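Engineer: My structure file work_4.cif, mmCIF, C-alpha atoms, is below:
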data_final
loop_
_atom_site.label_atom_id
_atom_site.label_comp_id
_atom_site.auth_asym_id
_atom_site.auth_seq_id
_atom_site.Cartn_x
_atom_site.Cartn_y
_atom_site.Cartn_z
CA MET S 1 15.92 9.54 34.90
CA HIS S 2 18.16 10.58 31.98
CA VAL S 3 16.52 9.57 28.71
CA LEU S 4 18.15 9.68 25.29
CA ILE S 5 15.80 9.51 22.31
CA LEU S 6 16.88 9.09 18.72
CA GLY S 7 14.72 10.48 15.95
CA GLY S 8 12.73 13.56 15.05
CA GLY S 9 9.21 12.65 14.03
CA ASN S 10 5.90 13.27 15.72
CA LEU S 11 6.23 10.14 17.82
CA VAL S 12 9.54 11.38 19.24
CA ARG S 13 8.11 14.80 19.86
CA HIS S 14 5.23 13.31 21.82
CA VAL S 15 7.27 10.78 23.79
CA ALA S 16 9.92 13.40 24.62
CA ALA S 17 7.39 15.99 25.75
CA THR S 18 5.48 13.46 27.85
CA MET S 19 8.59 12.13 29.57
CA ALA S 20 9.93 15.64 30.18
CA ARG S 21 6.61 16.65 31.78
CA GLN S 22 6.94 13.65 34.06
CA GLY S 23 10.17 15.18 35.30
CA HIS S 24 12.71 13.17 33.33
CA GLU S 25 15.75 14.73 31.79
CA VAL S 26 15.23 14.16 28.07
CA VAL S 27 17.72 14.60 25.25
CA VAL S 28 16.64 14.12 21.65
CA VAL S 29 19.31 13.27 19.10
CA ASP S 30 18.26 13.79 15.53
CA GLU S 31 20.20 13.99 12.30
CA HIS S 32 17.86 16.45 10.66
CA GLU S 33 17.95 20.14 11.42
CA ARG S 34 14.23 20.42 10.88
CA CYS S 35 13.24 18.14 13.72
CA PRO S 36 9.71 19.25 14.69
CA TYR S 37 10.80 18.97 18.30
CA LEU S 38 13.30 21.75 17.69
CA GLN S 39 10.63 24.05 16.32
CA ASN S 40 8.66 24.18 19.51
CA PRO S 41 10.69 26.06 22.12
CA ASN S 42 7.96 25.45 24.73
CA LEU S 43 8.86 21.78 24.95
CA PRO S 44 11.09 20.90 27.89
CA GLY S 45 14.31 18.97 27.52
CA TYR S 46 16.89 19.84 24.95
CA VAL S 47 18.01 18.75 21.53
CA LEU S 48 21.21 18.02 19.73
CA SER S 49 21.49 17.67 16.03
CA GLY S 50 24.21 15.51 14.56
CA GLY S 51 25.34 13.71 11.43
CA ASP S 52 25.84 10.00 10.87
CA ASN S 53 28.44 9.53 13.58
CA LEU S 54 25.94 7.87 15.85
CA MET S 55 28.31 6.96 18.67
CA GLU S 56 29.61 10.52 18.90
CA ASP S 57 26.07 11.98 18.77
CA MET S 58 24.97 9.66 21.56
CA ARG S 59 27.99 10.62 23.63
CA ARG S 60 27.10 14.28 23.17
CA GLY S 61 23.58 13.42 24.27
CA GLY S 62 24.91 12.01 27.55
CA VAL S 63 24.61 8.27 26.82
CA GLU S 64 27.24 7.59 29.48
CA ARG S 65 24.80 8.55 32.23
CA ALA S 66 21.56 7.53 30.46
CA ASP S 67 19.09 5.23 32.21
CA LEU S 68 17.08 4.70 29.06
CA VAL S 69 17.86 4.94 25.34
CA ILE S 70 15.09 4.73 22.73
CA GLY S 71 15.69 4.50 18.98
CA LEU S 72 12.63 6.00 17.28
CA SER S 73 13.97 7.41 14.03
CA PHE S 74 12.58 6.42 10.63
CA ASP S 75 15.62 4.24 10.01
CA ASP S 76 15.37 0.70 11.47
CA ASN S 77 19.11 0.11 11.14
CA ARG S 78 20.00 3.32 12.94
CA ASN S 79 17.57 2.56 15.76
CA ALA S 80 18.94 -0.95 16.23
CA MET S 81 22.51 0.32 16.13
CA ALA S 82 21.70 2.97 18.75
CA ALA S 83 20.18 0.39 21.08
CA GLN S 84 23.18 -1.89 20.64
CA ILE S 85 25.62 0.97 21.25
CA ALA S 86 23.70 1.78 24.44
CA SER S 87 23.69 -1.79 25.77
CA ASN S 88 27.02 -3.08 24.52
CA ILE S 89 29.29 -0.07 24.80
CA PHE S 90 27.80 2.13 27.52
CA ASN S 91 25.95 -0.47 29.65
CA VAL S 92 22.77 1.60 29.63
CA PRO S 93 20.27 -0.30 31.85
CA ARG S 94 17.44 -0.14 29.32
CA ALA S 95 17.59 0.28 25.55
CA LEU S 96 14.64 0.03 23.17
CA CYS S 97 14.42 0.48 19.44
CA HIS S 98 11.70 0.64 16.86
CA VAL S 99 12.13 -1.74 13.92
CA GLY S 100 9.30 -1.62 11.39
CA GLU S 101 10.32 -4.50 9.16
CA VAL S 102 8.89 -7.63 10.78
CA SER S 103 11.54 -10.17 9.69
CA LYS S 104 14.35 -7.80 10.68
CA ALA S 105 12.71 -7.12 14.05
CA GLN S 106 12.65 -10.88 14.66
CA VAL S 107 16.42 -11.16 14.08
CA TYR S 108 17.18 -8.34 16.48
CA ARG S 109 14.93 -9.95 19.13
CA GLU S 110 16.84 -13.20 18.75
CA LEU S 111 20.07 -11.23 19.13
CA GLY S 112 18.81 -9.92 22.46
CA VAL S 113 17.83 -6.42 21.37
CA ASN S 114 14.69 -4.92 22.90
CA VAL S 115 12.56 -4.26 19.83
CA LEU S 116 9.35 -2.25 19.58
CA SER S 117 7.41 -3.01 16.44
CA SER S 118 4.64 -0.64 15.39
CA THR S 119 3.90 -3.00 12.51
CA HIS S 120 2.83 -5.69 14.97
CA ALA S 121 0.90 -3.25 17.15
CA LEU S 122 -0.89 -1.67 14.20
CA THR S 123 -1.66 -5.05 12.64
CA ASP S 124 -3.24 -6.17 15.92
CA ALA S 125 -5.23 -2.93 16.15
CA VAL S 126 -6.48 -3.28 12.58
CA LEU S 127 -7.44 -6.92 13.10
CA ASP S 128 -9.21 -6.08 16.37
CA GLY S 129 -11.15 -3.35 14.56
CA GLU S 130 -12.12 -5.87 11.88
CA GLU S 131 -13.42 -8.28 14.50
CA ASP S 132 -15.42 -5.56 16.25
CA ALA S 133 -16.92 -4.45 12.95
CA GLY S 134 -17.68 -8.01 11.93
CA MET H 135 33.40 -18.05 -4.12
CA TYR H 136 29.87 -16.66 -4.09
CA ILE H 137 29.95 -13.09 -2.78
CA ILE H 138 27.17 -10.60 -2.08
CA VAL H 139 28.17 -6.94 -2.20
CA VAL H 140 25.67 -4.54 -0.63
CA GLY H 141 26.05 -0.98 -1.88
CA CYS H 142 27.21 -0.04 -5.36
CA GLY H 143 28.69 3.38 -4.82
CA ARG H 144 32.34 4.01 -5.63
CA VAL H 145 33.61 1.39 -3.18
CA GLY H 146 31.05 -1.26 -4.09
CA PHE H 147 31.53 -0.78 -7.80
CA ASN H 148 35.32 -0.95 -7.80
CA LEU H 149 35.32 -3.81 -5.32
CA THR H 150 32.88 -5.81 -7.45
CA ARG H 151 34.94 -5.22 -10.55
CA ALA H 152 38.09 -6.42 -8.79
CA LEU H 153 36.36 -9.50 -7.38
CA LEU H 154 34.91 -10.40 -10.79
CA THR H 155 38.35 -10.12 -12.36
CA VAL H 156 39.71 -12.82 -10.08
CA GLY H 157 36.82 -15.12 -10.95
CA HIS H 158 34.29 -14.80 -8.12
CA GLU H 159 30.55 -14.96 -8.62
CA ILE H 160 28.98 -11.72 -7.40
CA THR H 161 25.53 -10.33 -6.70
CA VAL H 162 25.30 -6.60 -6.06
CA ILE H 163 22.43 -5.18 -3.97
CA ASP H 164 21.52 -1.51 -3.91
CA GLN H 165 18.40 0.43 -3.05
CA ASP H 166 18.86 2.89 -5.88
CA PRO H 167 17.73 1.53 -9.27
CA LEU H 168 19.64 4.29 -11.07
CA ALA H 169 22.91 3.34 -9.36
CA LEU H 170 22.42 -0.30 -10.37
CA GLU H 171 21.47 0.70 -13.89
CA SER H 172 24.63 2.75 -14.38
CA VAL H 173 27.05 0.08 -13.12
CA SER H 174 25.25 -2.70 -15.02
CA HIS H 175 26.73 -1.26 -18.23
CA GLU H 176 30.24 -1.72 -16.93
CA ILE H 177 30.21 -4.97 -14.98
CA THR H 178 28.52 -8.29 -15.57
CA ALA H 179 27.40 -9.25 -12.09
CA ALA H 180 23.90 -10.17 -10.94
CA PHE H 181 21.90 -7.27 -9.51
CA VAL H 182 19.15 -7.10 -6.92
CA GLN H 183 17.38 -3.85 -6.22
CA GLY H 184 16.31 -3.39 -2.61
CA ASP H 185 17.40 -2.79 0.98
CA GLY H 186 20.41 -5.08 1.44
CA SER H 187 19.90 -5.15 5.19
CA SER H 188 16.45 -6.67 4.72
CA PRO H 189 16.28 -10.45 5.30
CA ASP H 190 13.95 -10.91 2.31
CA VAL H 191 16.24 -9.04 -0.06
CA LEU H 192 19.30 -10.93 1.16
CA ARG H 193 17.45 -14.21 0.66
CA GLU H 194 16.47 -13.17 -2.85
CA ALA H 195 20.13 -12.45 -3.56
CA GLY H 196 21.03 -15.99 -2.51
CA ALA H 197 22.46 -15.26 0.93
CA GLU H 198 21.88 -18.89 1.91
CA ARG H 199 24.74 -20.02 -0.28
CA ALA H 200 26.97 -16.94 0.04
CA ASP H 201 30.51 -17.54 1.27
CA LEU H 202 31.01 -13.86 1.92
CA VAL H 203 28.71 -10.87 2.44
CA ILE H 204 30.18 -7.37 2.26
CA GLY H 205 28.37 -4.22 3.45
CA VAL H 206 29.86 -1.19 1.72
CA THR H 207 27.02 1.32 1.59
CA GLY H 208 27.68 4.88 2.73
CA ASP H 209 25.73 4.24 5.91
CA ASP H 210 27.44 2.63 8.91
CA ALA H 211 24.15 1.49 10.45
CA ALA H 212 23.10 -0.23 7.20
CA ASN H 213 26.47 -1.98 6.86
CA LEU H 214 26.23 -3.26 10.42
CA ALA H 215 22.68 -4.51 9.79
CA VAL H 216 23.77 -6.28 6.58
CA CYS H 217 26.41 -8.19 8.53
CA GLN H 218 24.15 -8.98 11.51
CA MET H 219 21.32 -10.27 9.28
CA SER H 220 23.68 -12.42 7.19
CA LYS H 221 25.46 -13.94 10.16
CA HIS H 222 22.31 -14.64 12.15
CA LEU H 223 19.87 -15.78 9.47
CA PHE H 224 22.14 -17.38 6.90
CA SER H 225 25.19 -18.30 8.98
CA THR H 226 27.35 -16.52 6.42
CA PRO H 227 30.92 -17.74 7.00
CA THR H 228 32.44 -14.28 6.62
CA ALA H 229 30.79 -10.88 6.90
CA ILE H 230 32.77 -7.74 6.13
CA GLY H 231 31.48 -4.31 7.11
CA LEU H 232 32.68 -0.86 6.15
CA THR H 233 32.54 1.93 8.72
CA LYS H 234 33.32 5.60 8.18
CA HIS H 235 33.76 6.42 11.82
CA PRO H 236 36.64 4.91 13.80
CA SER H 237 34.47 4.94 16.94
CA HIS H 238 32.05 2.44 15.35
CA ALA H 239 34.70 -0.15 14.49
CA GLY H 240 34.81 -1.66 17.98
CA LEU H 241 31.02 -2.03 18.07
CA PHE H 242 30.99 -3.82 14.69
CA ARG H 243 33.52 -6.36 15.96
CA LEU H 244 31.71 -6.81 19.24
CA LEU H 245 28.49 -7.55 17.35
CA GLY H 246 30.06 -10.29 15.25
CA VAL H 247 31.27 -8.58 12.07
CA ASP H 248 34.23 -10.75 11.04
CA ARG H 249 36.25 -8.05 9.38
CA VAL H 250 35.74 -4.34 9.95
CA ILE H 251 37.12 -1.91 7.40
CA ASN H 252 37.43 1.63 8.67
CA SER H 253 37.72 3.96 5.70
CA THR H 254 38.86 6.97 7.72
CA HIS H 255 41.60 4.96 9.34
CA LEU H 256 42.80 3.60 6.00
CA ILE H 257 42.91 7.02 4.40
CA LEU H 258 44.72 8.51 7.39
CA SER H 259 47.42 5.86 7.45
CA ASN H 260 47.96 6.21 3.75
CA ILE H 261 48.34 9.96 3.94
CA GLU H 262 50.55 9.78 7.01
CA GLU H 263 52.81 7.35 5.24
CA ALA H 264 53.06 9.65 2.24
CA VAL H 265 54.01 12.74 4.26
CA PRO H 266 57.84 12.89 4.11
CA SER H 267 58.64 14.31 7.56
CA ARG H 268 55.99 12.30 9.33
CA ALA H 269 56.32 12.36 13.09
CA PHE H 270 53.33 10.17 13.87
CA MET H 271 52.02 7.19 11.96
CA HIS H 272 49.29 4.65 12.65
CA LEU H 273 50.63 1.19 12.02
CA LEU H 274 47.80 -1.00 13.18
CA ASN H 275 44.41 -0.68 14.78
CA LEU H 276 43.63 -3.43 17.30
CA GLN H 277 39.88 -3.19 17.01
CA THR H 278 38.97 -5.67 19.71
CA TYR H 279 40.77 -3.67 22.37
CA GLY H 280 40.25 -0.19 20.94
CA MET H 281 44.00 0.27 20.80
CA ASP H 282 46.39 1.54 18.18
CA ILE H 283 49.98 0.72 17.43
CA VAL H 284 51.75 3.85 16.29
CA ALA H 285 55.21 4.96 15.22
CA LEU H 286 56.72 8.32 16.20
CA SER H 287 60.05 9.81 15.23
CA ILE H 288 61.76 11.82 17.93
CA PRO H 289 62.54 15.32 16.62
CA GLU H 290 65.79 17.09 17.46
CA ASP H 291 64.20 19.64 19.77
CA ALA H 292 62.09 17.11 21.72
CA SER H 293 62.36 17.36 25.48
CA VAL H 294 62.82 13.58 25.74
CA VAL H 295 66.10 13.65 23.78
CA GLY H 296 68.90 12.45 26.05
CA ARG H 297 66.52 11.05 28.68
CA THR H 298 66.17 7.40 29.61
CA ILE H 299 62.88 5.63 28.98
CA GLY H 300 62.44 5.17 32.73
CA ASN H 301 62.41 8.96 33.07
CA VAL H 302 59.73 9.61 30.46
CA GLU H 303 56.31 10.06 31.98
CA MET H 304 53.94 8.27 29.60
CA PRO H 305 50.14 8.63 29.46
CA PRO H 306 48.59 5.84 31.62
CA ASN H 307 47.45 3.56 28.77
CA SER H 308 50.33 4.14 26.38
CA PHE H 309 53.45 1.99 26.26
CA ILE H 310 56.65 2.10 24.29
CA THR H 311 57.14 -1.37 22.83
CA LEU H 312 60.21 -0.90 20.66
CA VAL H 313 62.76 1.79 19.85
CA VAL H 314 64.31 1.65 16.40
CA LYS H 315 67.71 3.35 16.50
CA GLN H 316 70.14 3.82 13.65
CA ALA H 317 71.93 0.68 14.79
CA GLY H 318 68.70 -1.30 14.79
CA PRO H 319 65.72 -2.11 17.00
CA ARG H 320 66.14 -2.07 20.79
CA LEU H 321 63.78 -3.23 23.52
CA PRO H 322 62.52 -0.31 25.65
CA GLU H 323 64.55 -1.03 28.78
CA GLU H 324 64.41 1.50 31.61
CA ASP H 325 67.95 2.76 30.98
CA LEU H 326 67.72 3.05 27.20
CA VAL H 327 68.45 6.67 26.21
CA LEU H 328 66.19 8.29 23.61
CA GLN H 329 67.91 10.22 20.83
CA ALA H 330 66.78 12.48 18.01
CA GLY H 331 65.81 10.42 14.98
CA ASP H 332 64.81 7.37 17.03
CA GLU H 333 61.65 5.74 15.80
CA VAL H 334 59.44 4.77 18.72
CA ILE H 335 56.81 2.07 18.28
CA ALA H 336 54.10 2.48 20.91
CA VAL H 337 50.75 1.00 21.87
CA THR H 338 48.15 3.60 22.74
CA VAL H 339 44.43 4.30 22.89
CA LEU H 340 42.59 6.84 20.77
CA GLU H 341 42.07 9.29 23.65
CA GLU H 342 45.77 9.35 24.50
CA GLU H 343 47.20 9.80 21.02
CA GLN H 344 47.55 13.54 21.41
CA ALA H 345 49.12 13.27 24.86
CA LEU H 346 51.53 10.58 23.64
CA TYR H 347 52.50 12.71 20.66
CA GLU H 348 53.18 15.69 22.92
CA THR H 349 55.16 13.61 25.42
CA LEU H 350 57.53 12.20 22.84
CA THR H 351 57.84 15.06 20.38
CA GLY H 352 57.11 18.18 22.46
CA ALA H 353 59.91 20.69 22.93
CA THR H 354 61.00 21.82 26.36
#
How does this structure look as structure tokens?

Structural biologist:
Amino acid sequence: MHVLILGGGNLVRHVAATMARQGHEVVVVDEHERCPYLQNPNLPGYVLSGGDNLMEDMRRGGVERADLVIGLSFDDNRNAMAAQIASNIFNVPRALCHVGEVSKAQVYRELGVNVLSSTHALTDAVLDGEEDAG
Amino acid sequence: MYIIVVGCGRVGFNLTRALLTVGHEITVIDQDPLALESVSHEITAAFVQGDGSSPDVLREAGAERADLVIGVTGDDAANLAVCQMSKHLFSTPTAIGLTKHPSHAGLFRLLGVDRVINSTHLILSNIEEAVPSRAFMHLLNLQTYGMDIVALSIPEDASVVGRTIGNVEMPPNSFITLVVKQAGPRLPEEDLVLQAGDEVIAVTVLEEEQALYETLTGAT
């Protein structure tokens, strides 16, 4: 499977490394030169670094043949735009994006975007922990 | 009209000033308190500090009653989000989004932005128009179809000079729609002969612009 991941944080580094180990062809697109993923040459897959021309960066990352696109940068808007570029322009079968702001995530869901929300997941985890403790 | 302008950089500031002059009511949203502070000395609009693509911030700025929401930050993704949030949550009648990159314009339209302003395209057409011996000029960008309408002047040494339109091998998605000769405009019939100085109006796509330019202006 060809996987395109947007972002450069620890989460991306972990997801990319895990998927690459599973045998997937992983490309990470990140706008920052100092992506931690870049600094570890032992990680499989490869990396492109681009500016704010998201469509062009995604094209360079092989979005045309991608089976999965995941927006995991720190910027909700950029993640949502990447997922929408993938689905609406390149007909990528599966596109996911992380949107931290709850009310914004809700809008994107209603617009048909596949949204991952760590805020929801973390809230649930915290509340579960509270219940266990109580 | 009640208008929300998101982004108060150079574009947002000058736009707001122009809109205020003609009597509109404006609220400016920007994330940067310093940027808001500096323009607040020069214009008397309402200001909201925050992420203009955030539903809560838009609501605070009165998006429910806005006739027009304009995203003119320096970030294409933010401008798109501003428009999508306004349209979906507040049924804003008109959302205008600025994009730096021509490749993003089609996406903006597809996702419901009513009017897409492509800064690069605007600057290019203005410069092209100002260059005296221009051979290639963008007249119009048909965003929905990803096509451009362009004008080319045929130079004296072009290989197409003296040939009929039927004999010119055009790129597959480019079409001559009109030939403006000294005597006036002519429809591009198969047997119309191209001459130096003719102005050709053609429909093309971004990827074929170079090929089209070479076909019509290239020397033998």

Engineer: Please evaluate the PyMOL selection byres ((chain H and resi 185-201) around 9) against the displayed coordinates and give the resulting residues as a PDB file with C-alpha atoms, in the coordinates of the input.

Structural biologist:
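Result file selection_29.pdb:
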ATOM      1  CA  ASN S  77      19.110   0.110  11.140  1.00  0.00           C
ATOM      2  CA  GLU S 101      10.320  -4.500   9.160  1.00  0.00           C
ATOM      3  CA  SER S 103      11.540 -10.170   9.690  1.00  0.00           C
ATOM      4  CA  LYS S 104      14.350  -7.800  10.680  1.00  0.00           C
ATOM      5  CA  VAL S 107      16.420 -11.160  14.080  1.00  0.00           C
TER       6      VAL S 107
ATOM      7  CA  MET H 135      33.400 -18.050  -4.120  1.00  0.00           C
ATOM      8  CA  TYR H 136      29.870 -16.660  -4.090  1.00  0.00           C
ATOM      9  CA  ILE H 137      29.950 -13.090  -2.780  1.00  0.00           C
ATOM     10  CA  ILE H 138      27.170 -10.600  -2.080  1.00  0.00           C
ATOM     11  CA  VAL H 139      28.170  -6.940  -2.200  1.00  0.00           C
ATOM     12  CA  VAL H 140      25.670  -4.540  -0.630  1.00  0.00           C
ATOM     13  CA  GLY H 141      26.050  -0.980  -1.880  1.00  0.00           C
ATOM     14  CA  THR H 161      25.530 -10.330  -6.700  1.00  0.00           C
ATOM     15  CA  VAL H 162      25.300  -6.600  -6.060  1.00  0.00           C
ATOM     16  CA  ILE H 163      22.430  -5.180  -3.970  1.00  0.00           C
ATOM     17  CA  ASP H 164      21.520  -1.510  -3.910  1.00  0.00           C
ATOM     18  CA  GLN H 165      18.400   0.430  -3.050  1.00  0.00           C
ATOM     19  CA  ALA H 180      23.900 -10.170 -10.940  1.00  0.00           C
ATOM     20  CA  PHE H 181      21.900  -7.270  -9.510  1.00  0.00           C
ATOM     21  CA  VAL H 182      19.150  -7.100  -6.920  1.00  0.00           C
ATOM     22  CA  GLN H 183      17.380  -3.850  -6.220  1.00  0.00           C
ATOM     23  CA  GLY H 184      16.310  -3.390  -2.610  1.00  0.00           C
ATOM     24  CA  LEU H 202      31.010 -13.860   1.920  1.00  0.00           C
ATOM     25  CA  VAL H 203      28.710 -10.870   2.440  1.00  0.00           C
ATOM     26  CA  GLY H 205      28.370  -4.220   3.450  1.00  0.00           C
ATOM     27  CA  ALA H 212      23.100  -0.230   7.200  1.00  0.00           C
ATOM     28  CA  ASN H 213      26.470  -1.980   6.860  1.00  0.00           C
ATOM     29  CA  LEU H 214      26.230  -3.260  10.420  1.00  0.00           C
ATOM     30  CA  ALA H 215      22.680  -4.510   9.790  1.00  0.00           C
ATOM     31  CA  VAL H 216      23.770  -6.280   6.580  1.00  0.00           C
ATOM     32  CA  CYS H 217      26.410  -8.190   8.530  1.00  0.00           C
ATOM     33  CA  GLN H 218      24.150  -8.980  11.510  1.00  0.00           C
ATOM     34  CA  MET H 219      21.320 -10.270   9.280  1.00  0.00           C
ATOM     35  CA  SER H 220      23.680 -12.420   7.190  1.00  0.00           C
ATOM     36  CA  LEU H 223      19.870 -15.780   9.470  1.00  0.00           C
ATOM     37  CA  PHE H 224      22.140 -17.380   6.900  1.00  0.00           C
ATOM     38  CA  SER H 225      25.190 -18.300   8.980  1.00  0.00           C
ATOM     39  CA  THR H 226      27.350 -16.520   6.420  1.00  0.00           C
ATOM     40  CA  PRO H 227      30.920 -17.740   7.000  1.00  0.00           C
ATOM     41  CA  THR H 228      32.440 -14.280   6.620  1.00  0.00           C
ATOM     42  CA  ALA H 229      30.790 -10.880   6.900  1.00  0.00           C
TER      43      ALA H 229
END

Engineer: What are the closest atom pairs, with distances in Å to one decimal, for all residues of range 170-275 of chain H lying within 10 Å of range 337-340 of chain H? Consider all atoms listed in the file, order rows by chain and residue number, and present the result as CSV.

Structural biologist:
residue,atom,partner,partner_atom,distance
H:Pro236,CA,H:Leu340,CA,9.4
H:Ser237,CA,H:Leu340,CA,9.2
H:Leu273,CA,H:Val337,CA,9.9
H:Leu274,CA,H:Val337,CA,9.4
H:Asn275,CA,H:Val339,CA,9.5

Engineer: Determine, counting all atoms listed in the file, which protein, DNA and RNA residues have an atom within 8 Å of an atom of range 90-99 of chain S; residues of the same chain fewer than 3 positions away are not included. Present the result as a PyMOL selection string.

Structural biologist: chain S and resi 63-73+75-77+79-80+82-87+102+104-105+113-118

Engineer: Can you give me, as a PDB file with C-alpha atoms, keeping the file's coordinate frame, the residues this file yields under the PyMOL selection byres ((chain S and resi 4) around 6)?

Structural biologist:
ATOM      1  CA  VAL S   3      16.520   9.570  28.710  1.00  0.00           C
ATOM      2  CA  ILE S   5      15.800   9.510  22.310  1.00  0.00           C
ATOM      3  CA  VAL S  27      17.720  14.600  25.250  1.00  0.00           C
ATOM      4  CA  VAL S  28      16.640  14.120  21.650  1.00  0.00           C
ATOM      5  CA  VAL S  69      17.860   4.940  25.340  1.00  0.00           C
TER       6      VAL S  69
END

Engineer: For chain S, which of H:Glu341, H:Asp166, H:Asp210, H:Glu159 is the closest residue, counting only C-alpha atoms?

Structural biologist: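 Selected residue with least distance to chain S: H:Asp210.
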
Engineer: Using the file's own x, y and z axes, so that the box edges lie along x, y and z, what centre and edge lengths in Å (one decimal) does a box around every listed atom of range 74-82 of chain S get when 3 Å is added on each side? Give it as AutoDock Vina command-line options.

Structural biologist:
--center_x 17.5 --center_y 2.7 --center_z 14.4 --size_x 15.9 --size_y 13.4 --size_z 14.7

Engineer: Measure the distance from CA of Gly62 in chain S to CA of Val12 in chain S in Å and round it to one decimal.

Structural biologist: 17.5 Å

Engineer: Work out how far apart CA of Thr207 in chain H and CA of Gly9 in chain S are and give it in Å to one decimal.

Structural biologist: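 The value is 24.5 Å.
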
Engineer: In Å to one decimal, how far is CA of Leu350 in chain H from CA of Ser293 in chain H?

Structural biologist: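 CA of Leu350 in chain H lies at a distance of 7.5 Å from CA of Ser293 in chain H.
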
Engineer: Between S:Leu111, S:Met58, S:Ala121, S:Leu6, single out the one closest to chain H, counting only C-alpha atoms.

Structural biologist: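 For chain H, the nearest of the candidates is S:Leu111.
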
Engineer: Since the input is missing atoms for range 222-240 of chain H, could you rebuild it with N, CA and C atoms and give the result as a tab-separated table (two decimals), keeping the file's coordinate frame?

Structural biologist:
chain	number	residue	atom	x	y	z
H	222	HIS	N	23.32	-13.99	11.32
H	222	HIS	CA	22.31	-14.64	12.15
H	222	HIS	C	21.37	-15.53	11.35
H	223	LEU	N	20.88	-15.04	10.22
H	223	LEU	CA	19.87	-15.78	9.47
H	223	LEU	C	20.46	-16.82	8.53
H	224	PHE	N	21.61	-16.50	7.94
H	224	PHE	CA	22.14	-17.38	6.90
H	224	PHE	C	23.48	-18.01	7.28
H	225	SER	N	23.90	-17.79	8.51
H	225	SER	CA	25.19	-18.30	8.98
H	225	SER	C	26.30	-18.06	7.97
H	226	THR	N	26.31	-16.87	7.40
H	226	THR	CA	27.35	-16.52	6.42
H	226	THR	C	28.73	-16.71	7.06
H	227	PRO	N	29.61	-17.48	6.40
H	227	PRO	CA	30.92	-17.74	7.00
H	227	PRO	C	31.70	-16.46	7.31
H	228	THR	N	31.68	-15.51	6.38
H	228	THR	CA	32.44	-14.28	6.62
H	228	THR	C	31.60	-13.06	6.23
H	229	ALA	N	31.48	-12.13	7.18
H	229	ALA	CA	30.79	-10.88	6.90
H	229	ALA	C	31.78	-9.73	7.09
H	230	ILE	N	31.86	-8.88	6.07
H	230	ILE	CA	32.77	-7.74	6.13
H	230	ILE	C	31.94	-6.46	6.12
H	231	GLY	N	32.25	-5.55	7.05
H	231	GLY	CA	31.48	-4.31	7.11
H	231	GLY	C	32.39	-3.09	7.05
H	232	LEU	N	31.93	-2.11	6.28
H	232	LEU	CA	32.68	-0.86	6.15
H	232	LEU	C	32.12	0.15	7.15
H	233	THR	N	32.99	0.86	7.86
H	233	THR	CA	32.54	1.93	8.72
H	233	THR	C	33.35	3.19	8.46
H	234	LYS	N	32.65	4.33	8.42
H	234	LYS	CA	33.32	5.60	8.18
H	234	LYS	C	33.98	6.10	9.45
H	235	HIS	N	33.32	5.81	10.57
H	235	HIS	CA	33.76	6.42	11.82
H	235	HIS	C	34.57	5.44	12.67
H	236	PRO	N	35.79	5.81	13.01
H	236	PRO	CA	36.64	4.91	13.80
H	236	PRO	C	35.94	4.44	15.09
H	237	SER	N	35.10	5.31	15.67
H	237	SER	CA	34.47	4.94	16.94
H	237	SER	C	33.49	3.78	16.77
H	238	HIS	N	33.01	3.53	15.56
H	238	HIS	CA	32.05	2.44	15.35
H	238	HIS	C	32.72	1.09	15.14
H	239	ALA	N	34.02	1.09	14.85
H	239	ALA	CA	34.70	-0.15	14.49
H	239	ALA	C	34.62	-1.19	15.61
H	240	GLY	N	34.85	-0.75	16.85
H	240	GLY	CA	34.81	-1.66	17.98
H	240	GLY	C	33.44	-2.31	18.14
